[in-house]
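Containing PDB, C-alpha atoms and all ligand atoms: work-v5.pdb.
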```pdb
ATOM      1  CA  ILE A   1      76.681  91.628 113.211
ATOM      2  CA  MET A   2      76.566  92.415 109.489
ATOM      3  CA  MET A   3      73.747  89.903 109.046
ATOM      4  CA  LYS A   4      71.815  91.332 112.005
ATOM      5  CA  TYR A   5      72.080  94.911 110.726
ATOM      6  CA  GLN A   6      71.737  94.039 107.014
ATOM      7  CA  ILE A   7      75.135  95.394 106.058
ATOM      8  CA  PRO A   8      75.974  93.956 102.637
ATOM      9  CA  THR A   9      78.717  91.336 102.752
ATOM     10  CA  ALA A  10      79.687  87.989 101.229
ATOM     11  CA  ALA A  11      77.630  84.871 101.946
ATOM     12  CA  TYR A  12      79.540  82.823 104.532
ATOM     13  CA  GLN A  13      79.550  80.027 107.081
ATOM     14  CA  THR A  14      81.690  79.437 110.176
ATOM     15  CA  PHE A  15      83.366  76.095 110.976
ATOM     16  CA  ARG A  16      85.338  74.494 113.800
ATOM     17  CA  ASP A  17      85.722  71.121 112.171
ATOM     18  CA  TYR A  18      87.839  70.163 109.147
ATOM     19  CA  ASP A  19      85.431  67.609 107.651
ATOM     20  CA  CYS A  20      82.416  69.944 107.698
ATOM     21  CA  ALA A  21      84.528  72.799 106.322
ATOM     22  CA  TYR A  22      85.894  70.588 103.533
ATOM     23  CA  ALA A  23      82.383  69.358 102.625
ATOM     24  CA  TYR A  24      81.212  72.992 102.411
ATOM     25  CA  VAL A  25      84.120  73.920 100.138
ATOM     26  CA  MET A  26      83.358  70.942  97.883
ATOM     27  CA  ALA A  27      79.690  71.968  97.707
ATOM     28  CA  GLN A  28      80.459  75.626  96.953
ATOM     29  CA  GLY A  29      83.392  75.125  94.573
ATOM     30  CA  ALA A  30      86.236  77.549  93.873
ATOM     31  CA  PRO A  31      87.119  80.397  93.948
ATOM     32  CA  ILE A  32      86.347  80.618  97.641
ATOM     33  CA  VAL A  33      87.765  82.544 100.598
ATOM     34  CA  ILE A  34      89.120  80.934 103.766
ATOM     35  CA  LYS A  35      89.550  83.214 106.782
ATOM     36  CA  GLU A  36      91.255  81.926 109.899
ATOM     37  CA  ASP A  37      90.392  83.315 113.309
ATOM     38  CA  GLY A  38      92.992  85.178 115.368
ATOM     39  CA  LEU A  39      95.724  87.713 114.726
ATOM     40  CA  LYS A  40      97.609  86.762 111.574
ATOM     41  CA  ALA A  41      99.603  89.901 110.708
ATOM     42  CA  GLY A  42      97.487  90.420 107.604
ATOM     43  CA  LYS A  43      98.087  86.885 106.351
ATOM     44  CA  GLY A  44      95.079  84.982 107.716
ATOM     45  CA  VAL A  45      93.079  85.069 104.493
ATOM     46  CA  THR A  46      93.441  82.687 101.564
ATOM     47  CA  VAL A  47      91.637  83.578  98.361
ATOM     48  CA  ALA A  48      91.649  80.020  96.983
ATOM     49  CA  LYS A  49      91.378  79.893  93.217
ATOM     50  CA  THR A  50      91.139  76.092  93.243
ATOM     51  CA  ILE A  51      89.698  73.428  95.540
ATOM     52  CA  GLU A  52      93.268  72.220  96.175
ATOM     53  CA  GLU A  53      94.323  75.662  97.442
ATOM     54  CA  ALA A  54      91.260  75.770  99.693
ATOM     55  CA  GLU A  55      92.019  72.284 101.008
ATOM     56  CA  GLU A  56      95.594  73.300 101.806
ATOM     57  CA  ALA A  57      94.410  76.436 103.644
ATOM     58  CA  LEU A  58      91.923  74.379 105.673
ATOM     59  CA  LYS A  59      94.604  71.845 106.615
ATOM     60  CA  ILE A  60      96.857  74.635 107.891
ATOM     61  CA  ALA A  61      93.992  76.333 109.732
ATOM     62  CA  PHE A  62      92.897  73.157 111.474
ATOM     63  CA  GLU A  63      96.421  72.329 112.632
ATOM     64  CA  ILE A  64      95.421  74.656 115.493
ATOM     65  CA  PRO A  65      92.985  72.614 117.631
ATOM     66  CA  ASN A  66      89.437  73.976 117.714
ATOM     67  CA  ASN A  67      90.378  76.834 115.389
ATOM     68  CA  GLN A  68      87.502  78.874 113.976
ATOM     69  CA  VAL A  69      87.395  79.319 110.221
ATOM     70  CA  VAL A  70      85.064  81.451 108.144
ATOM     71  CA  ILE A  71      84.489  80.264 104.591
ATOM     72  CA  GLU A  72      82.944  82.849 102.355
ATOM     73  CA  GLU A  73      81.888  83.663  98.841
ATOM     74  CA  CYS A  74      84.697  85.167  96.762
ATOM     75  CA  LEU A  75      83.554  88.671  95.937
ATOM     76  CA  VAL A  76      84.469  89.807  92.452
ATOM     77  CA  GLY A  77      84.751  93.445  91.420
ATOM     78  CA  PHE A  78      86.771  96.566  92.156
ATOM     79  CA  GLU A  79      88.289  96.599  95.648
ATOM     80  CA  PHE A  80      88.717  99.794  97.648
ATOM     81  CA  SER A  81      89.316 100.987 101.188
ATOM     82  CA  LEU A  82      87.208 103.585 102.980
ATOM     83  CA  ILE A  83      88.506 104.580 106.402
ATOM     84  CA  CYS A  84      86.431 106.755 108.725
ATOM     85  CA  PHE A  85      87.081 108.750 111.868
ATOM     86  CA  VAL A  86      84.455 107.333 114.235
ATOM     87  CA  ASN A  87      83.148 108.302 117.651
ATOM     88  CA  GLY A  88      79.911 106.482 118.405
ATOM     89  CA  THR A  89      77.498 107.587 115.699
ATOM     90  CA  THR A  90      79.771 110.380 114.399
ATOM     91  CA  VAL A  91      81.325 108.969 111.246
ATOM     92  CA  ILE A  92      83.592 111.129 109.047
ATOM     93  CA  PRO A  93      84.936 109.545 105.865
ATOM     94  CA  MET A  94      88.452 109.980 104.570
ATOM     95  CA  GLU A  95      89.333 109.857 100.887
ATOM     96  CA  ILE A  96      89.318 106.491  99.147
ATOM     97  CA  ALA A  97      92.490 104.460  98.619
ATOM     98  CA  GLN A  98      93.018 101.343  96.573
ATOM     99  CA  ASP A  99      95.281  98.706  98.040
ATOM    100  CA  HIS A 100      96.803  95.873  95.958
ATOM    101  CA  LYS A 101      96.557  92.765  98.107
ATOM    102  CA  CYS A 102      98.058  90.099  95.816
ATOM    103  CA  ALA A 103     101.805  89.612  95.986
ATOM    104  CA  TYR A 104     102.555  89.745  92.248
ATOM    105  CA  ASP A 105     101.727  91.731  89.107
ATOM    106  CA  GLY A 106      98.325  91.256  87.510
ATOM    107  CA  ASP A 107      96.760  90.451  90.906
ATOM    108  CA  THR A 108      98.381  87.032  91.040
ATOM    109  CA  GLY A 109     100.083  85.200  93.886
ATOM    110  CA  PRO A 110      99.177  84.951  97.554
ATOM    111  CA  ASN A 111      97.172  87.485  99.528
ATOM    112  CA  THR A 112      99.347  89.940 101.489
ATOM    113  CA  GLY A 113      98.891  92.853 103.860
ATOM    114  CA  GLY A 114      99.138  95.134 100.802
ATOM    115  CA  MET A 115     101.797  95.629  98.126
ATOM    116  CA  GLY A 116     100.945  99.116  96.915
ATOM    117  CA  VAL A 117      98.254 101.740  96.999
ATOM    118  CA  TYR A 118      97.039 105.017  95.577
ATOM    119  CA  SER A 119      94.570 107.771  96.408
ATOM    120  CA  PRO A 120      92.149 109.177  95.265
ATOM    121  CA  VAL A 121      90.382 106.478  93.259
ATOM    122  CA  LYS A 122      88.465 107.946  90.302
ATOM    123  CA  ARG A 123      86.309 104.878  89.743
ATOM    124  CA  ILE A 124      84.797 105.249  93.206
ATOM    125  CA  THR A 125      82.557 108.231  92.536
ATOM    126  CA  PRO A 126      80.963 110.520  95.168
ATOM    127  CA  ALA A 127      77.670 108.639  94.631
ATOM    128  CA  ILE A 128      79.335 105.294  95.400
ATOM    129  CA  ILE A 129      80.994 106.786  98.492
ATOM    130  CA  GLU A 130      77.658 108.160  99.738
ATOM    131  CA  ASP A 131      76.061 104.775  99.137
ATOM    132  CA  THR A 132      78.875 103.040 101.028
ATOM    133  CA  MET A 133      78.523 105.464 103.933
ATOM    134  CA  ASN A 134      74.760 104.848 104.085
ATOM    135  CA  GLN A 135      74.838 101.078 103.563
ATOM    136  CA  VAL A 136      78.026 100.077 105.348
ATOM    137  CA  MET A 137      80.027 102.558 107.413
ATOM    138  CA  ARG A 138      77.292 104.453 109.293
ATOM    139  CA  PRO A 139      75.173 101.313 109.916
ATOM    140  CA  MET A 140      78.234  99.520 111.302
ATOM    141  CA  ALA A 141      79.101 102.371 113.692
ATOM    142  CA  GLU A 142      75.443 102.578 114.750
ATOM    143  CA  ALA A 143      75.284  98.797 115.183
ATOM    144  CA  MET A 144      78.234  98.907 117.585
ATOM    145  CA  VAL A 145      76.470 101.604 119.644
ATOM    146  CA  GLU A 146      73.250  99.567 119.585
ATOM    147  CA  GLU A 147      75.141  96.474 120.743
ATOM    148  CA  GLY A 148      76.614  98.379 123.696
ATOM    149  CA  HIS A 149      80.131  98.483 122.210
ATOM    150  CA  SER A 150      80.353 102.058 120.977
ATOM    151  CA  PHE A 151      83.516 102.453 118.919
ATOM    152  CA  THR A 152      85.966 105.358 118.897
ATOM    153  CA  GLY A 153      88.844 105.280 116.460
ATOM    154  CA  PHE A 154      89.572 104.597 112.806
ATOM    155  CA  LEU A 155      87.076 102.214 111.253
ATOM    156  CA  TYR A 156      88.522 100.665 108.121
ATOM    157  CA  GLY A 157      86.090  99.285 105.562
ATOM    158  CA  GLY A 158      87.620  96.849 103.088
ATOM    159  CA  LEU A 159      85.037  96.952 100.296
ATOM    160  CA  MET A 160      84.249  95.480  96.909
ATOM    161  CA  LEU A 161      82.257  97.262  94.227
ATOM    162  CA  THR A 162      80.427  94.303  92.655
ATOM    163  CA  ASP A 163      77.746  94.099  89.955
ATOM    164  CA  ASP A 164      75.341  93.897  92.889
ATOM    165  CA  GLY A 165      76.590  97.080  94.578
ATOM    166  CA  VAL A 166      79.145  97.604  97.327
ATOM    167  CA  LYS A 167      79.828  94.664  99.653
ATOM    168  CA  THR A 168      81.989  94.451 102.768
ATOM    169  CA  ILE A 169      85.068  92.254 102.678
ATOM    170  CA  GLU A 170      86.316  93.144 106.143
ATOM    171  CA  PHE A 171      86.482  95.762 108.860
ATOM    172  CA  ASN A 172      89.617  96.729 110.719
ATOM    173  CA  ALA A 173      89.638  98.780 113.904
ATOM    174  CA  ARG A 174      92.660 100.797 112.803
ATOM    175  CA  PHE A 175      94.161 102.747 109.953
ATOM    176  CA  GLY A 176      95.046 100.672 106.907
ATOM    177  CA  ASP A 177      98.648  99.971 106.033
ATOM    178  CA  PRO A 178      99.645 100.999 103.331
ATOM    179  CA  GLU A 179      96.463 103.118 102.996
ATOM    180  CA  ALA A 180      97.564 105.545 105.742
ATOM    181  CA  GLU A 181     100.741 106.338 103.828
ATOM    182  CA  VAL A 182      98.814 107.695 100.809
ATOM    183  CA  ILE A 183      95.777 109.164 102.579
ATOM    184  CA  LEU A 184      97.475 111.206 105.318
ATOM    185  CA  PRO A 185      99.816 113.129 102.967
ATOM    186  CA  ARG A 186      96.681 114.348 101.125
ATOM    187  CA  LEU A 187      94.861 115.578 104.249
ATOM    188  CA  LYS A 188      95.119 119.369 104.344
ATOM    189  CA  THR A 189      92.975 119.866 107.464
ATOM    190  CA  ASP A 190      95.026 119.683 110.640
ATOM    191  CA  PHE A 191      94.884 116.058 111.824
ATOM    192  CA  ILE A 192      94.566 116.933 115.525
ATOM    193  CA  SER A 193      91.701 119.355 114.756
ATOM    194  CA  VAL A 194      89.865 116.535 113.016
ATOM    195  CA  ILE A 195      90.306 114.222 115.976
ATOM    196  CA  GLN A 196      89.207 116.937 118.408
ATOM    197  CA  ALA A 197      86.089 117.674 116.330
ATOM    198  CA  VAL A 198      85.206 113.987 116.134
ATOM    199  CA  MET A 199      85.751 113.545 119.870
ATOM    200  CA  ASN A 200      83.393 116.472 120.505
ATOM    201  CA  HIS A 201      80.837 115.266 117.910
ATOM    202  CA  GLN A 202      81.272 118.535 115.992
ATOM    203  CA  GLU A 203      80.715 118.970 112.268
ATOM    204  CA  ILE A 204      83.940 119.210 110.286
ATOM    205  CA  THR A 205      84.600 119.337 106.566
ATOM    206  CA  LEU A 206      87.878 117.762 105.617
ATOM    207  CA  GLU A 207      90.023 119.417 102.979
ATOM    208  CA  TRP A 208      92.066 117.222 100.682
ATOM    209  CA  ASP A 209      94.945 117.878  98.351
ATOM    210  CA  ASP A 210      93.814 117.224  94.748
ATOM    211  CA  GLN A 211      97.137 115.634  93.933
ATOM    212  CA  VAL A 212      97.458 111.875  93.630
ATOM    213  CA  THR A 213      99.633 109.852  95.999
ATOM    214  CA  LEU A 214     100.884 106.427  94.929
ATOM    215  CA  GLY A 215     102.897 104.045  97.079
ATOM    216  CA  VAL A 216     104.922 100.994  96.083
ATOM    217  CA  VAL A 217     105.787  98.485  98.802
ATOM    218  CA  MET A 218     109.180  96.793  98.692
ATOM    219  CA  ALA A 219     108.940  93.430 100.447
ATOM    220  CA  SER A 220     111.270  90.573 101.407
ATOM    221  CA  THR A 221     111.763  88.144  98.514
ATOM    222  CA  ASN A 222     109.721  85.341 100.042
ATOM    223  CA  TYR A 223     106.976  87.494 101.565
ATOM    224  CA  PRO A 224     104.285  86.590 102.669
ATOM    225  CA  ALA A 225     105.574  83.032 103.303
ATOM    226  CA  SER A 226     108.648  84.275 105.171
ATOM    227  CA  SER A 227     110.746  87.392 105.616
ATOM    228  CA  THR A 228     114.391  88.335 105.393
ATOM    229  CA  LYS A 229     116.274  90.000 108.191
ATOM    230  CA  GLY A 230     119.577  91.813 107.958
ATOM    231  CA  ALA A 231     119.842  92.310 104.159
ATOM    232  CA  LEU A 232     121.543  95.608 103.256
ATOM    233  CA  ILE A 233     119.306  98.289 101.674
ATOM    234  CA  GLU A 234     121.140 100.960  99.662
ATOM    235  CA  GLY A 235     120.178 104.091  97.749
ATOM    236  CA  VAL A 236     117.330 105.406  99.900
ATOM    237  CA  GLU A 237     119.197 108.719 100.321
ATOM    238  CA  ASN A 238     118.777 109.336  96.545
ATOM    239  CA  VAL A 239     114.996 109.074  96.624
ATOM    240  CA  ASP A 240     112.913 112.270  96.174
ATOM    241  CA  SER A 241     109.597 110.734  97.226
ATOM    242  CA  MET A 242     108.527 109.967 100.788
ATOM    243  CA  VAL A 243     109.776 106.689 102.226
ATOM    244  CA  TYR A 244     108.065 105.016 105.182
ATOM    245  CA  TYR A 245     109.644 102.039 106.939
ATOM    246  CA  MET A 246     107.675  98.990 108.030
ATOM    247  CA  GLY A 247     110.112  96.089 108.384
ATOM    248  CA  ALA A 248     113.519  97.788 108.374
ATOM    249  CA  LYS A 249     116.034  98.868 110.983
ATOM    250  CA  ARG A 250     119.436 100.472 111.380
ATOM    251  CA  HIS A 251     122.232  98.077 112.152
ATOM    252  CA  ASN A 252     125.759  99.432 112.596
ATOM    253  CA  ALA A 253     124.624 102.654 110.877
ATOM    254  CA  GLN A 254     123.348 100.694 107.873
ATOM    255  CA  LEU A 255     119.761 100.236 106.791
ATOM    256  CA  VAL A 256     118.783  96.547 106.721
ATOM    257  CA  THR A 257     115.636  94.484 106.214
ATOM    258  CA  ASP A 258     113.775  93.345 109.304
ATOM    259  CA  GLY A 259     110.430  91.951 108.220
ATOM    260  CA  GLY A 260     108.034  91.029 105.400
ATOM    261  CA  ARG A 261     106.918  94.368 104.036
ATOM    262  CA  VAL A 262     110.091  96.415 104.424
ATOM    263  CA  LEU A 263     109.345  99.925 103.166
ATOM    264  CA  ILE A 264     107.051 101.930 100.945
ATOM    265  CA  VAL A 265     107.986 104.676  98.492
ATOM    266  CA  VAL A 266     105.157 107.238  98.175
ATOM    267  CA  ALA A 267     105.135 109.760  95.329
ATOM    268  CA  LYS A 268     102.776 112.710  94.934
ATOM    269  CA  ALA A 269     101.921 114.220  91.533
ATOM    270  CA  ASP A 270      99.128 115.878  89.566
ATOM    271  CA  THR A 271      97.927 112.685  87.906
ATOM    272  CA  LEU A 272      97.935 108.983  88.657
ATOM    273  CA  ALA A 273     100.223 108.358  85.690
ATOM    274  CA  ALA A 274     102.719 110.989  86.869
ATOM    275  CA  ALA A 275     102.654 109.622  90.436
ATOM    276  CA  TYR A 276     103.283 106.145  89.017
ATOM    277  CA  GLU A 277     106.294 107.347  86.997
ATOM    278  CA  LYS A 278     107.761 109.233  89.938
ATOM    279  CA  ALA A 279     107.254 106.401  92.452
ATOM    280  CA  TYR A 280     108.877 103.789  90.218
ATOM    281  CA  GLU A 281     111.743 106.093  89.280
ATOM    282  CA  ASP A 282     112.499 106.262  93.006
ATOM    283  CA  VAL A 283     111.917 102.564  93.642
ATOM    284  CA  HIS A 284     114.582 101.860  91.013
ATOM    285  CA  LYS A 285     117.095 103.898  93.032
ATOM    286  CA  ILE A 286     116.773 101.508  95.980
ATOM    287  CA  HIS A 287     118.971  98.438  95.856
ATOM    288  CA  CYS A 288     118.685  95.289  97.933
ATOM    289  CA  LYS A 289     119.233  91.704  96.833
ATOM    290  CA  HIS A 290     116.362  90.464  98.944
ATOM    291  CA  LEU A 291     113.539  92.827  98.037
ATOM    292  CA  PHE A 292     110.811  92.613  95.409
ATOM    293  CA  TYR A 293     107.885  94.842  94.428
ATOM    294  CA  ARG A 294     104.923  94.916  92.080
ATOM    295  CA  ASN A 295     105.318  96.833  88.816
ATOM    296  CA  ASP A 296     101.659  97.623  88.219
ATOM    297  CA  ILE A 297     100.433  99.651  91.176
ATOM    298  CA  GLY A 298      97.613 101.927  89.949
ATOM    299  CA  LYS A 299      97.778 100.555  86.385
ATOM    300  CA  LYS A 300      94.215  99.203  86.358
ATOM    301  CA  ASP A 301      92.816 102.660  86.989
ATOM    302  CA  MET A 302      94.880 104.136  84.153
ATOM    303  CA  GLU A 303      93.340 101.809  81.539
TER     304      GLU A 303
HETATM  305  N1  LIG B 401      95.962  97.251 103.650
HETATM  306  C1  LIG B 401      95.105  96.397 104.342
HETATM  307  C2  LIG B 401      95.087  96.522 105.783
HETATM  308  O1  LIG B 401      95.655  97.431 106.362
HETATM  309  O2  LIG B 401      94.485  95.683 106.407
END
```

Rewrite the structure from the file as structure tokens, please.
Amino acid sequence: IMMKYQIPTAAYQTFRDYDCAYAYVMAQGAPIVIKEDGLKAGKGVTVAKTIEEAEEALKIAFEIPNNQVVIEECLVGFEFSLICFVNGTTVIPMEIAQDHKCAYDGDTGPNTGGMGVYSPVKRITPAIIEDTMNQVMRPMAEAMVEEGHSFTGFLYGGLMLTDDGVKTIEFNARFGDPEAEVILPRLKTDFISVIQAVMNHQEITLEWDDQVTLGVVMASTNYPASSTKGALIEGVENVDSMVYYMGAKRHNAQLVTDGGRVLIVVAKADTLAAAYEKAYEDVHKIHCKHLFYRNDIGKKDME
């Protein structure tokens, strides 16, 4: 659909056969992105830095008979998320957030559902946002109407600011996680009023808190390969920031792990640097033998 409506995205090809997919990878070289079809809980994408990593991802993908795999150009640049309230051709943008998809510091390690996030993102200027709305978000909503599949809901654009302009990495038909946890606390306009206005195709100007929100995800030690269940989490009651739970539960009145990404600590402050300090101060109050987190959320934008 992006090709048909000229929405900028990575060059790609789709495969159902290991040998053809492998030949394509060999011809293109690494880095290259392998995307498996189907629901994968945010773990269906391998950003292969080497041919060997790509080969491994293809082997796993084609263990499922007749699986569909998209192999695409690895976009390089500054990644950001733009989520819109959509109802047909009514498309209202939220503020930008930047997710950190790699598991470890310095954007290393496997791709995850997201290890930390902040909003707003200074590098993504109003001009870039307008361009993204005109080139990507509005055309996509209009394309769905044109195709007879008008969309109502949150349209999530996963985007890359490249030397060639903004390109689409992915769309999700939902709020982003952890993007929601830093965007919603900054929305000053009543959320229900926004939804009602969008449902009625009325104009609405969203008001946003100027403060910065920054969230650090605490994940099970082996995430994304596997997750820990039942490990005791202590110290959350000492945290001043907001804490949202993803893969945690109460067991015998104790808080324990129950998934890959376990919780996120979200701090709000006047600057990105202050939000960073506050979030990590609180992260350090939480103790669990089986959790890890990145230490550099938001750092790139402070340089
Ligand atoms: N944070 C990425 C996602 O929600 O898909």

* Of the residues A:Val217, A:Ile129, A:Ile64, A:Ile1, which is the one nearest to ligand LIG 401 (chain B), using all atoms listed in the file? -> A:Val217

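Pairwise distance (atom CA of A:Asn238, atom CA of A:Asp177) equals 24.1 Å.
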
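For the choices A:Thr257, A:Cys74, A:Lys101, A:Asn67, the atom-to-atom distance to A:Thr168 is smallest for A:Cys74 when using only C-alpha atoms.
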
* Test item: residues at most 12 Å from stretch 139-153 of chain A, all atoms listed in the file, excluding those fewer than 6 positions along its chain, as number ranges by chain -> A: 1-9, 83-92, 131-133, 168, 170-175, 194-196, 198-201

* To do: Can you tell me which residues come within 6 Å of ligand LIG 401 (chain B) when counting all atoms listed in the file, ideally as a ChimeraX atom specification?
  => /A:99,113-114,176-179

* Check what the PyMOL selection byres (((chain A and resi 272-283) around 8) and not hetatm) selects in the file above and give those residues as a PyMOL selection string. => chain A and resi 212-216+238-241+265-271+284-286+295+297-298+302

* Could you tell me how far atom CA of A:Pro120 lies from atom CA of A:Leu184, in Å and to one decimal? => 11.6 Å

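Shortest separation to A:Tyr24 among A:Glu56, A:Glu63, A:Ile192, A:Val70 occurs at residue A:Val70, atoms counted being all atoms listed in the file.
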
* Quick one: of A:Glu73, A:Asp107, A:Glu181, A:Glu234, who's nearest to A:Lys167, counting all atoms listed in the file? -> A:Glu73

* **Residues matched by the PyMOL selection byres (((chain A and resi 189) around 6) and not hetatm), written as JSON, numbers by chain** => {"A": [187, 188, 190, 206, 207]}

For those residues, write C-alpha atoms to a file as an mmCIF file, in the coordinates of the input.
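Result went into result.cif, see below:
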```
data_model
loop_
_atom_site.group_PDB
_atom_site.id
_atom_site.type_symbol
_atom_site.label_atom_id
_atom_site.label_comp_id
_atom_site.auth_asym_id
_atom_site.auth_seq_id
_atom_site.Cartn_x
_atom_site.Cartn_y
_atom_site.Cartn_z
ATOM 1 C CA LEU A 187 94.861 115.578 104.249
ATOM 2 C CA LYS A 188 95.119 119.369 104.344
ATOM 3 C CA ASP A 190 95.026 119.683 110.640
ATOM 4 C CA LEU A 206 87.878 117.762 105.617
ATOM 5 C CA GLU A 207 90.023 119.417 102.979
#
```

* To do: Please provide as number ranges by chain all residues within 10 Å of A:Ala248, with the sequence filter that same-chain residues fewer than 4 positions apart are discarded (counting all atoms listed in the file).
  => A: 228-233, 244, 255-263

Which residues are near A:Ala97? Cut-off 9 Å, all atoms listed in the file, ignore same chain within fewer than 2 positions. Put them as a short mmCIF file (atom, residue, chain, number, x, y, z; two decimals) with C-alpha atoms, in the coordinates of the input.
```cif
data_model
loop_
_atom_site.label_atom_id
_atom_site.label_comp_id
_atom_site.auth_asym_id
_atom_site.auth_seq_id
_atom_site.Cartn_x
_atom_site.Cartn_y
_atom_site.Cartn_z
CA PHE A 80 88.72 99.79 97.65
CA SER A 81 89.32 100.99 101.19
CA LEU A 82 87.21 103.58 102.98
CA ILE A 83 88.51 104.58 106.40
CA GLU A 95 89.33 109.86 100.89
CA ASP A 99 95.28 98.71 98.04
CA VAL A 117 98.25 101.74 97.00
CA TYR A 118 97.04 105.02 95.58
CA SER A 119 94.57 107.77 96.41
CA PRO A 120 92.15 109.18 95.26
CA VAL A 121 90.38 106.48 93.26
CA GLU A 179 96.46 103.12 103.00
CA ALA A 180 97.56 105.54 105.74
CA VAL A 182 98.81 107.70 100.81
CA ILE A 183 95.78 109.16 102.58
#
```

* Quick one: pull the distance between atom CA of A:Val69 and atom CA of A:Met246, Å, one decimal. => 28.3 Å

* Got a sec: who's within 12 Å of A:Gln13, counting all atoms listed in the file, leaving out chain neighbours fewer than 6 positions off, as a PyMOL selection string? -> chain A and resi 3+20-25+28+32-35+68-73

* Go through the shown structure with the PyMOL selection byres (((chain A and resi 290) around 8) and not hetatm) and write out the matching residues as a ChimeraX atom specification. => /A:220-221,228,231,288-289,291-292
